[in-house]
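See structure below.
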Amino acid sequence: ELLRERDDVSVLMHPNPDPDAMACALGVAAIAEHAGATPQIRYSGEIRHQENRAFRTVLDLNCEPVESHEDLNEHVVLVDHNDPRGFDGAETVDPLAVVDHHPGGPPETATFADVREEYGACATILAEYFEGLGADPAVTDGTTPNLDCALATGLLYGILADTNHLTRGCNSAEFAASSYLFEGVDEDLLDRIANPQVDAEVLDVRARAIHSREVRGPHAVSDVGEISNVDAIPQAADELLQLEGISSVVVFGDRNGTIRLSGRSHDDRIHMGETLDRAVHDLPAASAGGHARMGGGQLSFENTWIPRDGFSRPGFRERIFDALSGER
């Protein structure tokens with residue numbers, strides 16, 4: 001109903017959008033078109049991970065980078081995040097609507113806000129919107145928003161990607177949404193997204209993470225050194241968590257003067273987003289956060305008192321272990 005009153009709408013994904021964000025953007029765009037608005041999907045950052053690139057290509061996602069708030073239309077819908085960032089003037093963006101499942105509230109000025117932290121994927125919320133509007137997956141009759149095979153497949157994959165195939169951080173809503181979307185899913189499209197070719201460096205970083213790991217009880221921390229593909233770090237963390245006896249892992253590496261870190265956990269005593277925040281919160285130009293089971297962060301050497309050649313990687317490893325053990 002809100003979108004019926006608008007002409008042009010910018011659907012804004014978070015920096016470096018993943019399948020959940022991209023699926024939600026496609027969903028909002030379809031609803032906007034049905035309401036008579038003209039949507040434009042935008043993002044800051046890059047689409048790098050092989051899975052994300054495959055999603056964009058296979059589902060023919062038409063999206064454009066945003067470098068400044070001036071690139072956006074007056075009416076902005078945030079999907080899969082509640083805080084615009086990653087471009088000049090991001091702090092001035094006053095979103096019309098926010099649809100998200102991450103911790104943190106939307107701007108108080110948002111006309112429409114639907115933030116469900118208990119959900120494992122934002123795509124679940126969009127699936128519920130389509131079901132509530134009476135859309136039949138893969139059936140197009142013009143009376144409801146168009147939930148074609150590509151969109152149904154994208155929404156399902158967004159759910160699968162953010163919940164590790166319905167095994168992490170999901171609830172009954174994810175299963176219900178998956179069941180609803182199933183009839184419209186194209187198995188060939190799903191297979192092409194789920195099984196893209198893997199960059200050689202990703203495999204190399206995974207191997208380095210396993211080889212260089214240090215294990216203390218159920219915790220493992222690994223420094224993979226210099227990297228060029230930052231998406232290899234979270235994939236290495238996923239790989240390391242598969243090792244027997246390990247319940248929480250953190251992997252970090254260095255690219256262009258910035259330490260990137262990624263954590264994973266299936267230990268209910270550890271909230272990984274909060275753990276990573278404790279590990280770096282007192283360092284300048286550092287930030288971290290995330291969900292209970294997964295998180296990430298970074299530490300920049302530029303414009304800080306920390307010289308790159310004086311950075312102690314063993315000391316940083318100790319910080320992480322302290323945080324994992326609750327001593328920080």
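By convention here, the chains of the structure tokens are called A, B, ... in the order presented, each chain's residues are numbered starting at 1, and ligands are numbered starting at 1 in the order presented.
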Problem set entry | Shell around Val205 in chain A at 9 Å using only C-alpha atoms, local window under 4 positions removed, as a list in words | Ala200, Glu201, Ala209, Ile210, Val224, Gly225, Ile227, Ala232, Ile233, Gln235 and Ala236 of chain A
Now that the selection is made, can you save its residues with N, CA and C atoms as a PDB file, in the first residue's frame?
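again.pdb written:
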ATOM      1  N   ALA A 200      40.604 -20.401  -7.359  1.00  0.00           N
ATOM      2  CA  ALA A 200      41.710 -21.203  -6.828  1.00  0.00           C
ATOM      3  C   ALA A 200      42.210 -20.674  -5.488  1.00  0.00           C
ATOM      4  N   GLU A 201      42.200 -19.343  -5.317  1.00  0.00           N
ATOM      5  CA  GLU A 201      42.689 -18.797  -4.051  1.00  0.00           C
ATOM      6  C   GLU A 201      41.798 -19.190  -2.884  1.00  0.00           C
ATOM      7  N   ALA A 209      44.136 -22.104   6.245  1.00  0.00           N
ATOM      8  CA  ALA A 209      43.422 -21.972   7.514  1.00  0.00           C
ATOM      9  C   ALA A 209      43.521 -23.251   8.336  1.00  0.00           C
ATOM     10  N   ILE A 210      43.394 -24.379   7.671  1.00  0.00           N
ATOM     11  CA  ILE A 210      43.484 -25.656   8.377  1.00  0.00           C
ATOM     12  C   ILE A 210      44.909 -25.911   8.843  1.00  0.00           C
ATOM     13  N   VAL A 224      45.605 -16.556   8.121  1.00  0.00           N
ATOM     14  CA  VAL A 224      45.885 -17.025   6.762  1.00  0.00           C
ATOM     15  C   VAL A 224      46.802 -16.077   6.005  1.00  0.00           C
ATOM     16  N   GLY A 225      47.295 -15.008   6.680  1.00  0.00           N
ATOM     17  CA  GLY A 225      48.270 -14.114   6.064  1.00  0.00           C
ATOM     18  C   GLY A 225      47.666 -13.218   4.999  1.00  0.00           C
ATOM     19  N   ILE A 227      46.031 -11.993   1.619  1.00  0.00           N
ATOM     20  CA  ILE A 227      45.046 -12.534   0.688  1.00  0.00           C
ATOM     21  C   ILE A 227      44.680 -11.457  -0.325  1.00  0.00           C
ATOM     22  N   ALA A 232      37.355 -15.257   0.726  1.00  0.00           N
ATOM     23  CA  ALA A 232      37.932 -16.551   1.089  1.00  0.00           C
ATOM     24  C   ALA A 232      37.964 -16.739   2.602  1.00  0.00           C
ATOM     25  N   ILE A 233      37.961 -15.643   3.373  1.00  0.00           N
ATOM     26  CA  ILE A 233      38.081 -15.749   4.831  1.00  0.00           C
ATOM     27  C   ILE A 233      36.844 -16.390   5.452  1.00  0.00           C
ATOM     28  N   GLN A 235      34.700 -18.270   4.033  1.00  0.00           N
ATOM     29  CA  GLN A 235      34.614 -19.635   3.529  1.00  0.00           C
ATOM     30  C   GLN A 235      35.615 -20.543   4.246  1.00  0.00           C
ATOM     31  N   ALA A 236      36.787 -19.986   4.576  1.00  0.00           N
ATOM     32  CA  ALA A 236      37.769 -20.753   5.344  1.00  0.00           C
ATOM     33  C   ALA A 236      37.247 -21.027   6.750  1.00  0.00           C
TER      34      ALA A 236
END
How close does each residue of range 168-209 of chain A get to range 118-129 of chain A, giving the shortest atom pair and distance in Å to one decimal for every residue with an atom at most 10 Å away, counting only C-alpha atoms, sorted by chain and residue number, as a tab-separated table?
residue	atom	partner	partner_atom	distance
A:Arg168	CA	A:Gly120	CA	7.6
A:Gly169	CA	A:Gly120	CA	5.1
A:Cys170	CA	A:Gly120	CA	4.3
A:Asn171	CA	A:Tyr119	CA	6.6
A:Ser172	CA	A:Tyr119	CA	9.0
A:Ala173	CA	A:Thr124	CA	6.9
A:Glu174	CA	A:Thr124	CA	5.8
A:Phe175	CA	A:Thr124	CA	8.9
A:Ala176	CA	A:Thr124	CA	8.7
A:Ala177	CA	A:Thr124	CA	5.8
A:Ser178	CA	A:Thr124	CA	8.0
A:Tyr180	CA	A:Ala127	CA	7.8
A:Leu181	CA	A:Ala127	CA	7.3
Exercise. Neighbours of range 50-67 of chain A within 8 Å (only C-alpha atoms; same-chain residues fewer than 6 positions away dropped), as a PyMOL selection string?
Worked result: chain A and resi 17-19+22+26+40-44+87-88+150-151+154+189+192-199
For this session: Please indicate the distance in Å from CA of Gly326 in chain A to CA of Ile270 in chain A, rounded to one decimal place.
Result: 8.7 Å
Exercise. Which polymer residues have any atom within 9 Å of an atom of range 251-258 of chain A, counting only C-alpha atoms, with same-chain residues fewer than 2 positions away left out, as a ChimeraX atom specification?
Worked result: /A:209,213,220-230,233-234,236-237,240,249,260-264,298-302,308,317
Write out the residues from the selection above, keeping N, CA, C and O atoms, as a short mmCIF file (atom, residue, chain, number, x, y, z; two decimals), in the first residue's frame.
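Result saved to part24.cif:
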data_model
loop_
_atom_site.label_atom_id
_atom_site.label_comp_id
_atom_site.auth_asym_id
_atom_site.auth_seq_id
_atom_site.Cartn_x
_atom_site.Cartn_y
_atom_site.Cartn_z
N ALA A 209 44.14 -22.10 6.24
CA ALA A 209 43.42 -21.97 7.51
C ALA A 209 43.52 -23.25 8.34
O ALA A 209 43.73 -23.21 9.55
N ARG A 213 46.09 -23.40 11.79
CA ARG A 213 45.19 -23.26 12.94
C ARG A 213 45.92 -23.52 14.26
O ARG A 213 46.83 -24.34 14.33
N ALA A 220 39.30 -22.64 17.80
CA ALA A 220 40.39 -22.62 16.82
C ALA A 220 40.50 -21.23 16.22
O ALA A 220 39.49 -20.62 15.86
N VAL A 221 41.74 -20.74 16.13
CA VAL A 221 42.01 -19.45 15.50
C VAL A 221 43.08 -19.67 14.46
O VAL A 221 44.07 -20.37 14.71
N SER A 222 42.90 -19.07 13.28
CA SER A 222 43.86 -19.27 12.20
C SER A 222 44.15 -17.95 11.49
O SER A 222 43.24 -17.19 11.16
N ASP A 223 45.44 -17.69 11.29
CA ASP A 223 45.91 -16.53 10.55
C ASP A 223 46.32 -17.00 9.16
O ASP A 223 47.28 -17.76 9.01
N VAL A 224 45.60 -16.56 8.12
CA VAL A 224 45.88 -17.03 6.76
C VAL A 224 46.80 -16.08 6.00
O VAL A 224 47.07 -16.28 4.82
N GLY A 225 47.30 -15.01 6.68
CA GLY A 225 48.27 -14.11 6.06
C GLY A 225 47.67 -13.22 5.00
O GLY A 225 46.51 -12.83 5.05
N GLU A 226 48.48 -12.88 4.00
CA GLU A 226 48.06 -11.99 2.92
C GLU A 226 47.09 -12.70 1.99
O GLU A 226 47.29 -13.85 1.61
N ILE A 227 46.03 -11.99 1.62
CA ILE A 227 45.05 -12.53 0.69
C ILE A 227 44.68 -11.46 -0.33
O ILE A 227 44.92 -10.27 -0.10
N SER A 228 44.08 -11.86 -1.43
CA SER A 228 43.55 -10.89 -2.38
C SER A 228 42.04 -10.99 -2.49
O SER A 228 41.37 -10.04 -2.87
N ASN A 229 41.49 -12.14 -2.13
CA ASN A 229 40.04 -12.36 -2.18
C ASN A 229 39.52 -12.44 -0.75
O ASN A 229 39.66 -13.46 -0.08
N VAL A 230 38.91 -11.35 -0.26
CA VAL A 230 38.46 -11.32 1.14
C VAL A 230 37.32 -12.29 1.40
O VAL A 230 37.10 -12.70 2.55
N ILE A 233 37.96 -15.64 3.37
CA ILE A 233 38.08 -15.75 4.83
C ILE A 233 36.84 -16.39 5.45
O ILE A 233 36.96 -17.37 6.20
N PRO A 234 35.62 -15.89 5.20
CA PRO A 234 34.46 -16.58 5.77
C PRO A 234 34.30 -18.01 5.27
O PRO A 234 33.84 -18.89 6.01
N ALA A 236 36.79 -19.99 4.58
CA ALA A 236 37.77 -20.75 5.34
C ALA A 236 37.25 -21.03 6.75
O ALA A 236 37.47 -22.11 7.32
N ALA A 237 36.54 -20.05 7.34
CA ALA A 237 35.96 -20.25 8.67
C ALA A 237 34.91 -21.36 8.64
O ALA A 237 34.86 -22.20 9.55
N LEU A 240 36.82 -24.64 8.50
CA LEU A 240 37.51 -24.99 9.75
C LEU A 240 36.53 -25.50 10.80
O LEU A 240 36.88 -26.33 11.64
N VAL A 249 35.30 -20.98 15.71
CA VAL A 249 36.51 -20.67 14.95
C VAL A 249 36.52 -19.19 14.57
O VAL A 249 35.48 -18.57 14.39
N ARG A 260 41.02 -8.50 8.03
CA ARG A 260 39.62 -8.95 7.98
C ARG A 260 39.50 -10.21 8.82
O ARG A 260 40.36 -11.08 8.77
N LEU A 261 38.42 -10.30 9.59
CA LEU A 261 38.22 -11.50 10.39
C LEU A 261 36.80 -12.00 10.26
O LEU A 261 35.87 -11.22 10.02
N SER A 262 36.67 -13.31 10.38
CA SER A 262 35.36 -13.94 10.27
C SER A 262 35.28 -15.06 11.29
O SER A 262 36.24 -15.80 11.48
N GLY A 263 34.15 -15.16 11.96
CA GLY A 263 33.97 -16.17 12.99
C GLY A 263 32.73 -17.01 12.77
O GLY A 263 31.73 -16.55 12.21
N ARG A 264 32.80 -18.25 13.23
CA ARG A 264 31.67 -19.17 13.17
C ARG A 264 31.61 -19.94 14.48
O ARG A 264 32.63 -20.21 15.11
N GLN A 298 36.71 -5.97 10.91
CA GLN A 298 37.94 -5.55 10.26
C GLN A 298 38.68 -4.54 11.11
O GLN A 298 38.11 -3.88 11.97
N LEU A 299 39.97 -4.45 10.84
CA LEU A 299 40.86 -3.53 11.54
C LEU A 299 41.76 -2.89 10.50
O LEU A 299 42.52 -3.58 9.81
N SER A 300 41.67 -1.56 10.36
CA SER A 300 42.45 -0.86 9.35
C SER A 300 43.69 -0.24 9.97
O SER A 300 43.65 0.27 11.09
N PHE A 301 44.80 -0.29 9.24
CA PHE A 301 46.04 0.33 9.70
C PHE A 301 46.14 1.78 9.26
O PHE A 301 47.02 2.50 9.71
N GLU A 302 45.28 2.20 8.36
CA GLU A 302 45.36 3.55 7.83
C GLU A 302 44.72 4.54 8.80
O GLU A 302 43.68 4.28 9.39
N ARG A 308 51.52 -0.61 10.54
CA ARG A 308 51.36 -1.94 9.98
C ARG A 308 52.55 -2.84 10.32
O ARG A 308 52.38 -4.01 10.65
N ARG A 317 46.00 -12.67 17.80
CA ARG A 317 45.48 -14.03 18.00
C ARG A 317 45.10 -14.24 19.47
O ARG A 317 44.07 -14.83 19.78
#
For this session: List every residue of range 206-306 of chain A that DSSP, applied to the backbone, labels as strand (DSSP E or B), and write the result as a PyMOL selection string.
Result: chain A and resi 214-216+219-226+248-255+258-265+286-290+294-300
Problem set entry | Selection near His14 in chain A, 8 Å with only C-alpha atoms, sequence-local residues under 3 positions removed, as a ChimeraX atom specification | /A:17,21,43-44,78-81,84-85
Exercise. Counting only C-alpha atoms, which of A:Gly86, A:Pro103, A:Gly217, A:Gly36 gets nearest to His291 in chain A?
Worked result: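 Of A:Gly86, A:Pro103, A:Gly217, A:Gly36, the one nearest His291 in chain A, counting only C-alpha atoms, is A:Pro103.
CA of Ala285 in chain A is found 23.7 Å from CA of Met13 in chain A.
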For this session: Point out the residue among A:Ile259, A:Leu241, A:Ala97, A:Ala113 with the least atom-to-atom distance to Arg293 in chain A, counting only C-alpha atoms.
Result: A:Leu241
For this session: Enter the distance from CA of Thr144 in chain A to CA of Leu2 in chain A, in Å, rounded to one decimal.
Result: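 For CA of Thr144 in chain A relative to CA of Leu2 in chain A, the distance reads 15.7 Å.
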Exercise. With only C-alpha atoms as the basis for distance, which of A:Glu70, A:His34, A:Leu166, A:Pro15 is at the shortest distance from Asn82 in chain A?
Worked result: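 The answer is A:Pro15, which sits nearest to Asn82 in chain A.
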For this session: Using only C-alpha atoms, pick whichever of A:Thr167, A:Thr153, A:Ser10, A:Ser212 has the shortest atom-to-atom distance to Val93 in chain A.
Result: A:Ser10
